[in-house]
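**Student:** Shown below is the structure under consideration.
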Amino acid sequence: MRALTTMASVFRVEVDDLLIEAYWVALRGWPPPALEAAARRLIATSEFFPRPGAWAEAARAWIADKK
C-alpha cells in the first residue's frame, strides 16, 4: 500500500507488517483512488499520521466532492 508508506515517510512513522495489516483490514472496502486522494489531502492538512478512521473520513469526503 504505497499511500500508507508515503504518509509514514512524511510523518516519520515506522511501518511494519502489523501496521500494514491493520490499515488494510480497516480500509480494504474503500476504492483505491479514494484512498490515494485522501492520503494526499491528509499529507497536506494533518499534523500527525492519520488513524484509519481519519483516512476513511478523508476518502468519504473525496467521494462526496466527486459527485
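Ordering of the C-alpha cells sets the chain letters (A, B, ...), residue numbers begin anew at 1 in every chain, and ligands are numbered from 1 in the order given.
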Which residues are near Lys66 of chain A? Cut-off 12 Å, only C-alpha atoms, ignore same chain within fewer than 5 positions. Put them as a list in words.
**Tutor:**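 Answer for this query is Pro33, Ala34, Ala37, Ala59, Arg60 and Ala61 of chain A.
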**Student:** With C-alpha atoms retained, write the just-selected residues as a compact mmCIF listing (two decimals), in the first residue's frame.
**Tutor:**
# COMPACT_ATOMS: atom_id res chain seq x y z
CA PRO A 33 -8.44 6.12 -5.99
CA ALA A 34 -10.34 7.45 -2.96
CA ALA A 37 -6.66 11.12 -2.94
CA ALA A 59 -11.84 9.19 1.43
CA ARG A 60 -15.54 9.75 2.11
CA ALA A 61 -15.10 13.49 1.59
**Student:** Would you pick out the contacts of Thr5 of chain A at 10 Å or less, using only C-alpha atoms, so that residues sharing its chain but fewer than 6 positions from it are not included, and give the list as a list in words?
**Tutor:** Phe11, Arg12, Val13, Glu14, Val15, Asp16 and Ile20 of chain A
**Student:** Which one is closest to Pro32 of chain A: A:Phe49, A:Ala44, A:Ala54, A:Ala3? Count only C-alpha atoms.
**Tutor:**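 Looking only at the distances to Pro32 of chain A, the closest residue turns out to be A:Ala3.
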**Student:** Smallest atom-to-atom distance to Gly53 of chain A: which of A:Leu27, A:Leu19, A:Ala39, A:Val10, using only C-alpha atoms?
**Tutor:**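 Counting only C-alpha atoms, the residue closest to Gly53 of chain A is A:Leu27.
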**Student:** Where in chain A does DSSP assign helix (DSSP H, G or I), given as a PyMOL selection string?
**Tutor:** chain A and resi 2-10+17-27+32-45+52-66
**Student:** Counting only C-alpha atoms, which residue out of A:Ala64, A:Ala56, A:Val25, A:Met7 sits closest to Arg40 of chain A?
**Tutor:**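 Comparing A:Ala64, A:Ala56, A:Val25, A:Met7 against Arg40 of chain A, the winner is A:Met7.
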